[in-house]
Amino acid sequence: MANLSFIIFCPLVAAVLIALLPRTFNVLFRAVALLATGLSLLGAVRVFAGFDSAATGLQFEQHFRWVDALGIGYHVGVDGLNVGLVLMAALVAFAAVCVSREIRERQQFYYILVLAMAGGILGAFASFDLFLFYFFHELALVPTFILIGVWGRGAQRDYATFKLTLYLSLGALVALIGLIALYVQAGQTSFNLLHLTRHLALNPIAPGTQSWIFGLLLFGFGILVSLWPFHTWAPLGYAAAPTAAAMLHAGVLKKFGLYGLIRIALPLLPAGAQSWMNVLALLCLGNILYCGLVALRQRDLNHLLGNSSVAHMGFAFLGIASLSVLGVTGAVVVMVAHGLLAALSFALSGFLYHRLGTLEMDQMGGLLQRLPFVGGVMVMAMFAGCGLPGFANFPGEALVLFGAWESYRTITVLACWGALVIAAVYMLRAVRTIWHGPPLDRWKDLVDAPNLWVKLPYALLLAGLLVFGCFPRLLTDPMQPVVSQIVQRVQGETATP
Amino acid sequence: MTDFAAIGLELAVAATGLAVLLLDLWVRPEQRRWLTWTAVLAVAGIFVASFALTLPEPARLFGGLYVLDELALFFKRFFLLAALLVLVVGQEFADRFPAGHAEYSALTLFALTGMMFAASANDFVLLFVALELVTITFYVLTSFQRRRVASLEAGVKYLILGALSTGFLVYGLALIFGAAGTMNFEQLAASPPAVLESRLLTVGLLLVLVGLAFKIAAVPFQFWAPDVYEGAPLPTTAFLAVGSKAAGIVLLLRVWFVAAPALTASWAGPLLVVTALTLLYGVLCAIPQRSLKRLMAYSSIANAGFLLLGFCSGSAAGVAAVLFYLGGYLFAVLAIFLVATLAWRGTDTDAIADLAGLGQRSPLLAGVLTLGLVSLAGVPPLAGFFGKFLLLKSVLASATLHPGLYAVAAVALLAVVISLYYYFGVIRVVYWGQQAAAQQPPILLAWPARAALGLCVFGLLWLGCFPANVLNLAQLAAQSLPWR
């Protein structure tokens, strides 16, 4: 079971299986989906547990021939960088299927799409072939579109659906052009990432060419991660999306761009990275400060969460821009932490929406008395969002800020301000309006999550946040060799220009 | 290989067409649909038989008029597959023809014969004859719903504009013959430099290219497509979009890369402009369309632009990408038209809005339609994605030689994003369009329709997930053009 292909294809095979079942077997669809994502999660846990941080190179590697004529292969594996991401993705996928209880219409189609999305996401993070990496990521595009369109909510649903889809496609295509250009410039007939890394370390591309390819990758991947000023699709899209889609997208899929930057753009285009990092550092302030301030003004809980999620991406960008071991490590920890956090927040807001029928924060108040469990978890999630120690976000953001201090002092100070003050203000204000204060009469019949089974997804995600928050070494130790290798590649470029 | 054995595939198709026409006289009306199924089986048999044909090396027959190489074989298989699916669409569409369904099938087969000859054309004479065989049958196929004014109007428009393009073609041929004294592509290419540089030949070749640009609907010769596509019966539109366009492409390949490689290489700049304009015109005009057929017409113009990208790159990889892209295009377009025919049975509509509720009425049809549209939009894991990937890769690989290609790649990127908007707009209507879907009955599908749908889905997924086989065939076919 500790097999990456098993983890990836469990959801995909289950999707096909559900498609073949007769239309009336409503109970079975959910059961199959739970089973498939549950098995994936078990597999991911075993991979994470079996990962040997002392060993170098890829582990759990699988390599099959696919399109020989173009040097495309099916190549999956984990190293320190993505082992945590695969675990996080599998956990979020399982939780997303768990919270899909609220879906009553067209369940068959719904679970097919969610499973296809989950399989694509897991595959993208495990791939070590440029083509496969892109291929898996794009698998999730159409399911996201239909999920938001059919099961989404709100008056702006159509607009949000198209905006999200077009932005994401634009980002993906710009990145694709960058990837193809990289392949062509490398002059190799292979899309294998390890092969390309080795080759380009010895025969680097001319710096000018590196610079424009890196620009394509930066903005292509940046759009996918909602880099300011290309972020406007994200809050809108997440507000309109059904719970599971928002969890999978905000939690996991969005990290694809960051992962691509760290895994592909930095080590393969070190000179290009050098030339763009100042721009990235400035843009990430847009995420942290501007989107933080926008989040302050939100009245709708999902819009608040969406903007805060965009703001958190700024820290990951800052960590990458710092080009230091601490910063890049911090960026990856932020990715994992924010994945769990965003999934948890959207899962809870989905629970609230299902019970209340609205997410206008002005209409809530004193809900903690009615919903002690959900409220308690949500308050903790919001604390995690302001970077409270004990939750995984704290070590991530702290590492990023430490790492960035050397290169960008002013920006780090401003980012600190964004992290500690702005985030705290909007999160605590939300805690006050939603959970505290006098309970409103109209919510007196609310029922909390009734049993363990319903509580499970929230508990799992919260446990993930706490475990990685208290023991960040679980993530950072395996990452150490890979990250220092990548950073050395880029820093080496400055030493010998 | 004797001359007549070499054209065995074409002869078999033509004989099937004649047999269908003749048998129609004796078969009782209630049994006539079996005629089409027989024709479908025959075409399927010929398709399978084409794989028994092995070519140790290209054969030139009828005095060099006709060439049987891997490229020709690739396109012959392509046309057979397209016609097979078009015949099924036509059969499902039969309730909307007043009469003469067997003739419709026979005419489709004759058009197919023309396309298969076009695939082997190695001479301007065969080019002209094959193209006319295709075009003239299409005049009839377009106006086949003779009680429907729109269909007749489309037929007349196609007739007039088709005649215009034929005029260009003939004039061009005359000038080429006048300049070079030969009609053969290879002999023309081997002519002395004085001939190749003569202005007469340049003008003649340009006129021939104009005639072919009409066929593939490239800007500025695209204006006939939306009206004709909209007026023609659904199966004809499908065949126009797939078969007629591919016939234009194969002839363009031969003229561009075989007949005058030196001359056409110097036209790379104008080609880039035409490609960019075709892409932009197609995708921008498709945005406001409300009729599926018109949408597909503009989409077909945009796809002509994508196909021209392969010409722009001017490499064997580019041509292989064109061939692979056509394969994905075939399955996607025919899936869409097949679903449209089945979903709109018993109605006379082509409005996209009338697809609303299809997601509930028939999840299968909705799923197939979605796969077709998504493949055209170029999203993995479907054929269209791999085709676009190959095209972009070939363009970027050649861009180091010709920097203008970067600009064209940027335009293509923009075109893909815009095209997503209108393709996904159709998906939107299918799954959450405004319609009281509950009142509409579910759609029942006969097994041939199911089999054809299955074939389309299989093709889309197979080309998208396991592209190696077809890509090898495409690369082999591309190698049969002369590359220096």
# chains A, B, ... in the order shown; residues from 1 in each chain; ligands from 1
$ interface_residues --of "chain B" --to "chain A" --cutoff "9 Å" --atoms "only C-alpha atoms" --output "VMD selection string"
chain B and resid 360 363 374 379 to 381 389 392 to 393 396 to 397 409 to 410 413 to 414 416 to 418 420 to 421 424 to 425 427 to 428 431 to 432 465 to 469 471 to 472
$ residues_around --residues "Val252 (chain A)" --least-positions-apart "3" --cutoff "8 Å" --atoms "only C-alpha atoms" --output "PDB file with C-alpha atoms, in the first residue's frame"
ATOM      1  CA  MET A  88      -1.431  16.712   3.226  1.00  0.00           C
ATOM      2  CA  ALA A  89      -3.159  16.258  -0.137  1.00  0.00           C
ATOM      3  CA  VAL A  92      -7.531  16.868   2.574  1.00  0.00           C
ATOM      4  CA  ILE A 121      -3.824  16.649  -7.282  1.00  0.00           C
ATOM      5  CA  MET A 247     -11.141  22.562   0.346  1.00  0.00           C
ATOM      6  CA  LEU A 248      -9.315  20.731  -2.394  1.00  0.00           C
ATOM      7  CA  HIS A 249      -8.599  23.832  -4.387  1.00  0.00           C
ATOM      8  CA  LYS A 255       0.081  24.848  -3.822  1.00  0.00           C
ATOM      9  CA  PHE A 256       0.920  23.343  -7.182  1.00  0.00           C
ATOM     10  CA  GLY A 339      -3.250  23.409   3.044  1.00  0.00           C
TER      11      GLY A 339
END
$ residues_around --residues "Ala430 (chain A)" --least-positions-apart "5" --cutoff "8 Å" --atoms "only C-alpha atoms" --output "mmCIF file with N, CA and C atoms, in the first residue's frame"
data_model
loop_
_atom_site.group_PDB
_atom_site.id
_atom_site.type_symbol
_atom_site.label_atom_id
_atom_site.label_comp_id
_atom_site.auth_asym_id
_atom_site.auth_seq_id
_atom_site.Cartn_x
_atom_site.Cartn_y
_atom_site.Cartn_z
ATOM 1 N N LEU A 301 -18.176 35.363 5.453
ATOM 2 C CA LEU A 301 -17.116 34.544 6.040
ATOM 3 C C LEU A 301 -16.224 33.933 4.968
ATOM 4 N N MET A 361 -21.535 37.508 8.217
ATOM 5 C CA MET A 361 -21.116 37.442 9.613
ATOM 6 C C MET A 361 -21.992 38.311 10.515
ATOM 7 N N TRP A 435 -18.816 34.032 16.914
ATOM 8 C CA TRP A 435 -18.922 33.050 17.991
ATOM 9 C C TRP A 435 -19.294 33.656 19.331
#
$ residues_around --residues "region 94-102 of chain B" --least-positions-apart "5" --cutoff "10 Å" --atoms "only C-alpha atoms" --output "list in words"
Gly17, Val20, Leu21, Leu22, Leu23, Asp24, Leu25, Arg32, Arg33, Trp34, Leu35, Thr36, Ala39, Val88, Val89, Leu107, Thr108, Phe144, Gln145, Arg146, Arg147, Arg148, Pro233, Pro235, Thr341, Arg345, Gly346, Thr347 and Asp348 of chain B
$ residues_around --residues "region 442-448 of chain B" --least-positions-apart "6" --cutoff "10 Å" --atoms "only C-alpha atoms" --output "ChimeraX atom specification"
/B:37,88-89,91-92,342-345,358,360-365,454
$ write_last_selection --atoms "C-alpha atoms" --output "mmCIF file, in the first residue's frame"
data_model
loop_
_atom_site.group_PDB
_atom_site.id
_atom_site.type_symbol
_atom_site.label_atom_id
_atom_site.label_comp_id
_atom_site.auth_asym_id
_atom_site.auth_seq_id
_atom_site.Cartn_x
_atom_site.Cartn_y
_atom_site.Cartn_z
ATOM 1 C CA TRP B 37 -25.473 -0.237 -41.675
ATOM 2 C CA VAL B 88 -23.737 6.769 -38.145
ATOM 3 C CA VAL B 89 -24.572 10.424 -37.486
ATOM 4 C CA GLN B 91 -28.410 7.405 -39.891
ATOM 5 C CA GLU B 92 -29.414 8.976 -36.580
ATOM 6 C CA LEU B 342 -29.239 12.417 -30.719
ATOM 7 C CA ALA B 343 -30.219 15.124 -28.258
ATOM 8 C CA TRP B 344 -32.188 17.137 -30.801
ATOM 9 C CA ARG B 345 -34.020 14.216 -32.351
ATOM 10 C CA LEU B 358 -29.079 17.306 -21.066
ATOM 11 C CA GLN B 360 -30.205 15.139 -16.333
ATOM 12 C CA ARG B 361 -31.909 13.710 -19.401
ATOM 13 C CA SER B 362 -28.939 11.645 -20.434
ATOM 14 C CA PRO B 363 -25.770 11.687 -18.338
ATOM 15 C CA LEU B 364 -24.081 9.569 -21.004
ATOM 16 C CA LEU B 365 -24.691 12.049 -23.834
ATOM 17 C CA GLY B 454 -18.007 4.612 -27.337
#
$ atom_distance --atom1 "CA of Leu112 (chain B)" --atom2 "CA of Leu141 (chain B)"
12.4 Å
$ closest_residue --among "B:Ala42, B:Leu390, B:Leu405, B:Ile176" --to "Ala316 (chain B)" --atoms "only C-alpha atoms"
B:Leu390
$ residues_around --residues "Ala44 (chain B)" --least-positions-apart "5" --cutoff "10 Å" --atoms "only C-alpha atoms" --output "list of chain:residue names"
B:Thr38, B:Ala39, B:Ala49, B:Ser50, B:Leu80, B:Leu81, B:Ala83, B:Leu84, B:Leu85
$ decode --residues "region 24-146 of chain B" --atoms "C-alpha atoms" --output "PDB file, in the first residue's frame"
ATOM      1  CA  ASP B  24     -31.755   1.232 -52.866  1.00  0.00           C
ATOM      2  CA  LEU B  25     -33.856   0.511 -55.976  1.00  0.00           C
ATOM      3  CA  TRP B  26     -34.733  -2.992 -54.838  1.00  0.00           C
ATOM      4  CA  VAL B  27     -34.817  -2.805 -51.060  1.00  0.00           C
ATOM      5  CA  ARG B  28     -38.189  -2.183 -49.440  1.00  0.00           C
ATOM      6  CA  PRO B  29     -38.471   1.228 -47.691  1.00  0.00           C
ATOM      7  CA  GLU B  30     -38.756  -0.190 -44.159  1.00  0.00           C
ATOM      8  CA  GLN B  31     -35.513  -2.088 -44.622  1.00  0.00           C
ATOM      9  CA  ARG B  32     -33.517   0.756 -46.092  1.00  0.00           C
ATOM     10  CA  ARG B  33     -31.714   1.595 -42.877  1.00  0.00           C
ATOM     11  CA  TRP B  34     -29.923  -1.722 -43.244  1.00  0.00           C
ATOM     12  CA  LEU B  35     -28.306  -0.281 -46.333  1.00  0.00           C
ATOM     13  CA  THR B  36     -26.544   2.319 -44.244  1.00  0.00           C
ATOM     14  CA  TRP B  37     -25.473  -0.237 -41.675  1.00  0.00           C
ATOM     15  CA  THR B  38     -24.055  -2.347 -44.493  1.00  0.00           C
ATOM     16  CA  ALA B  39     -22.172   0.671 -45.740  1.00  0.00           C
ATOM     17  CA  VAL B  40     -20.887   1.335 -42.216  1.00  0.00           C
ATOM     18  CA  LEU B  41     -19.686  -2.234 -41.950  1.00  0.00           C
ATOM     19  CA  ALA B  42     -18.053  -2.035 -45.363  1.00  0.00           C
ATOM     20  CA  VAL B  43     -16.213   1.159 -44.445  1.00  0.00           C
ATOM     21  CA  ALA B  44     -15.134  -0.413 -41.168  1.00  0.00           C
ATOM     22  CA  GLY B  45     -13.873  -3.423 -43.102  1.00  0.00           C
ATOM     23  CA  ILE B  46     -11.923  -1.217 -45.503  1.00  0.00           C
ATOM     24  CA  PHE B  47     -10.487   0.678 -42.541  1.00  0.00           C
ATOM     25  CA  VAL B  48      -9.280  -2.548 -40.971  1.00  0.00           C
ATOM     26  CA  ALA B  49      -7.996  -3.782 -44.322  1.00  0.00           C
ATOM     27  CA  SER B  50      -5.920  -0.622 -44.703  1.00  0.00           C
ATOM     28  CA  PHE B  51      -3.747  -1.840 -41.840  1.00  0.00           C
ATOM     29  CA  ALA B  52      -2.907  -4.968 -43.815  1.00  0.00           C
ATOM     30  CA  LEU B  53      -1.233  -2.732 -46.372  1.00  0.00           C
ATOM     31  CA  THR B  54       2.487  -2.449 -45.767  1.00  0.00           C
ATOM     32  CA  LEU B  55       4.703  -0.050 -47.598  1.00  0.00           C
ATOM     33  CA  PRO B  56       8.352  -0.946 -47.858  1.00  0.00           C
ATOM     34  CA  GLU B  57       8.761   2.296 -49.742  1.00  0.00           C
ATOM     35  CA  PRO B  58       6.479   4.906 -51.319  1.00  0.00           C
ATOM     36  CA  ALA B  59       4.848   3.804 -54.580  1.00  0.00           C
ATOM     37  CA  ARG B  60       4.335   6.291 -57.419  1.00  0.00           C
ATOM     38  CA  LEU B  61       1.648   5.205 -59.832  1.00  0.00           C
ATOM     39  CA  PHE B  62      -0.222   6.372 -62.908  1.00  0.00           C
ATOM     40  CA  GLY B  63       2.867   8.117 -64.180  1.00  0.00           C
ATOM     41  CA  GLY B  64       3.612   9.833 -60.899  1.00  0.00           C
ATOM     42  CA  LEU B  65       0.103  11.208 -60.620  1.00  0.00           C
ATOM     43  CA  TYR B  66      -0.684   9.205 -57.545  1.00  0.00           C
ATOM     44  CA  VAL B  67       1.571   8.447 -54.611  1.00  0.00           C
ATOM     45  CA  LEU B  68       0.997   5.840 -51.929  1.00  0.00           C
ATOM     46  CA  ASP B  69       3.189   6.675 -48.961  1.00  0.00           C
ATOM     47  CA  GLU B  70       2.740   6.704 -45.192  1.00  0.00           C
ATOM     48  CA  LEU B  71       1.291  10.203 -45.302  1.00  0.00           C
ATOM     49  CA  ALA B  72      -1.346   9.145 -47.815  1.00  0.00           C
ATOM     50  CA  LEU B  73      -2.122   6.033 -45.823  1.00  0.00           C
ATOM     51  CA  PHE B  74      -2.474   8.016 -42.583  1.00  0.00           C
ATOM     52  CA  PHE B  75      -4.985  10.341 -44.200  1.00  0.00           C
ATOM     53  CA  LYS B  76      -6.878   7.515 -45.922  1.00  0.00           C
ATOM     54  CA  ARG B  77      -7.403   5.871 -42.529  1.00  0.00           C
ATOM     55  CA  PHE B  78      -8.387   9.210 -41.090  1.00  0.00           C
ATOM     56  CA  PHE B  79     -11.006   9.773 -43.791  1.00  0.00           C
ATOM     57  CA  LEU B  80     -12.365   6.231 -43.468  1.00  0.00           C
ATOM     58  CA  LEU B  81     -12.816   6.662 -39.741  1.00  0.00           C
ATOM     59  CA  ALA B  82     -14.424  10.053 -40.211  1.00  0.00           C
ATOM     60  CA  ALA B  83     -16.829   8.739 -42.848  1.00  0.00           C
ATOM     61  CA  LEU B  84     -17.689   5.763 -40.672  1.00  0.00           C
ATOM     62  CA  LEU B  85     -18.792   8.036 -37.858  1.00  0.00           C
ATOM     63  CA  VAL B  86     -20.475  10.474 -40.221  1.00  0.00           C
ATOM     64  CA  LEU B  87     -22.556   7.619 -41.654  1.00  0.00           C
ATOM     65  CA  VAL B  88     -23.737   6.769 -38.145  1.00  0.00           C
ATOM     66  CA  VAL B  89     -24.572  10.424 -37.486  1.00  0.00           C
ATOM     67  CA  GLY B  90     -26.403  10.481 -40.818  1.00  0.00           C
ATOM     68  CA  GLN B  91     -28.410   7.405 -39.891  1.00  0.00           C
ATOM     69  CA  GLU B  92     -29.414   8.976 -36.580  1.00  0.00           C
ATOM     70  CA  PHE B  93     -30.343  12.098 -38.498  1.00  0.00           C
ATOM     71  CA  ALA B  94     -32.448  10.160 -41.032  1.00  0.00           C
ATOM     72  CA  ASP B  95     -35.774  11.177 -39.481  1.00  0.00           C
ATOM     73  CA  ARG B  96     -35.093  14.749 -40.540  1.00  0.00           C
ATOM     74  CA  PHE B  97     -34.552  13.961 -44.226  1.00  0.00           C
ATOM     75  CA  PRO B  98     -37.693  13.988 -46.333  1.00  0.00           C
ATOM     76  CA  ALA B  99     -36.424  11.149 -48.522  1.00  0.00           C
ATOM     77  CA  GLY B 100     -33.428   9.605 -50.149  1.00  0.00           C
ATOM     78  CA  HIS B 101     -31.462   8.523 -47.170  1.00  0.00           C
ATOM     79  CA  ALA B 102     -29.611   5.870 -49.106  1.00  0.00           C
ATOM     80  CA  GLU B 103     -28.491   8.546 -51.529  1.00  0.00           C
ATOM     81  CA  TYR B 104     -27.154  10.537 -48.637  1.00  0.00           C
ATOM     82  CA  SER B 105     -25.017   7.589 -47.584  1.00  0.00           C
ATOM     83  CA  ALA B 106     -23.882   7.001 -51.152  1.00  0.00           C
ATOM     84  CA  LEU B 107     -22.907  10.635 -51.606  1.00  0.00           C
ATOM     85  CA  THR B 108     -20.992  10.525 -48.343  1.00  0.00           C
ATOM     86  CA  LEU B 109     -19.089   7.560 -49.701  1.00  0.00           C
ATOM     87  CA  PHE B 110     -18.336   9.384 -52.971  1.00  0.00           C
ATOM     88  CA  ALA B 111     -17.040  12.368 -51.034  1.00  0.00           C
ATOM     89  CA  LEU B 112     -14.935   9.913 -49.071  1.00  0.00           C
ATOM     90  CA  THR B 113     -13.507   8.544 -52.329  1.00  0.00           C
ATOM     91  CA  GLY B 114     -12.543  12.046 -53.341  1.00  0.00           C
ATOM     92  CA  MET B 115     -10.837  12.673 -50.022  1.00  0.00           C
ATOM     93  CA  MET B 116      -8.922   9.425 -50.268  1.00  0.00           C
ATOM     94  CA  PHE B 117      -7.672  10.361 -53.712  1.00  0.00           C
ATOM     95  CA  ALA B 118      -6.728  13.775 -52.388  1.00  0.00           C
ATOM     96  CA  ALA B 119      -4.578  12.063 -49.761  1.00  0.00           C
ATOM     97  CA  SER B 120      -2.511  10.538 -52.553  1.00  0.00           C
ATOM     98  CA  ALA B 121      -2.397  13.474 -54.933  1.00  0.00           C
ATOM     99  CA  ASN B 122       1.090  14.063 -56.254  1.00  0.00           C
ATOM    100  CA  ASP B 123       0.050  16.164 -59.180  1.00  0.00           C
ATOM    101  CA  PHE B 124      -2.008  19.303 -59.621  1.00  0.00           C
ATOM    102  CA  VAL B 125      -4.414  17.446 -61.913  1.00  0.00           C
ATOM    103  CA  LEU B 126      -5.267  14.820 -59.344  1.00  0.00           C
ATOM    104  CA  LEU B 127      -5.427  17.547 -56.714  1.00  0.00           C
ATOM    105  CA  PHE B 128      -8.033  19.339 -58.769  1.00  0.00           C
ATOM    106  CA  VAL B 129     -10.083  16.271 -59.669  1.00  0.00           C
ATOM    107  CA  ALA B 130     -10.123  14.905 -56.122  1.00  0.00           C
ATOM    108  CA  LEU B 131     -11.038  18.258 -54.668  1.00  0.00           C
ATOM    109  CA  GLU B 132     -13.866  18.710 -57.152  1.00  0.00           C
ATOM    110  CA  LEU B 133     -15.219  15.258 -56.380  1.00  0.00           C
ATOM    111  CA  VAL B 134     -15.353  16.265 -52.743  1.00  0.00           C
ATOM    112  CA  THR B 135     -16.753  19.722 -53.326  1.00  0.00           C
ATOM    113  CA  ILE B 136     -19.460  18.776 -55.793  1.00  0.00           C
ATOM    114  CA  THR B 137     -20.810  16.023 -53.567  1.00  0.00           C
ATOM    115  CA  PHE B 138     -20.826  18.506 -50.728  1.00  0.00           C
ATOM    116  CA  TYR B 139     -23.029  20.886 -52.742  1.00  0.00           C
ATOM    117  CA  VAL B 140     -25.685  18.178 -52.675  1.00  0.00           C
ATOM    118  CA  LEU B 141     -25.024  17.046 -49.110  1.00  0.00           C
ATOM    119  CA  THR B 142     -25.331  20.624 -47.878  1.00  0.00           C
ATOM    120  CA  SER B 143     -28.748  21.215 -49.410  1.00  0.00           C
ATOM    121  CA  PHE B 144     -30.058  17.751 -48.675  1.00  0.00           C
ATOM    122  CA  GLN B 145     -32.930  18.915 -46.454  1.00  0.00           C
ATOM    123  CA  ARG B 146     -34.639  20.309 -49.521  1.00  0.00           C
TER     124      ARG B 146
END
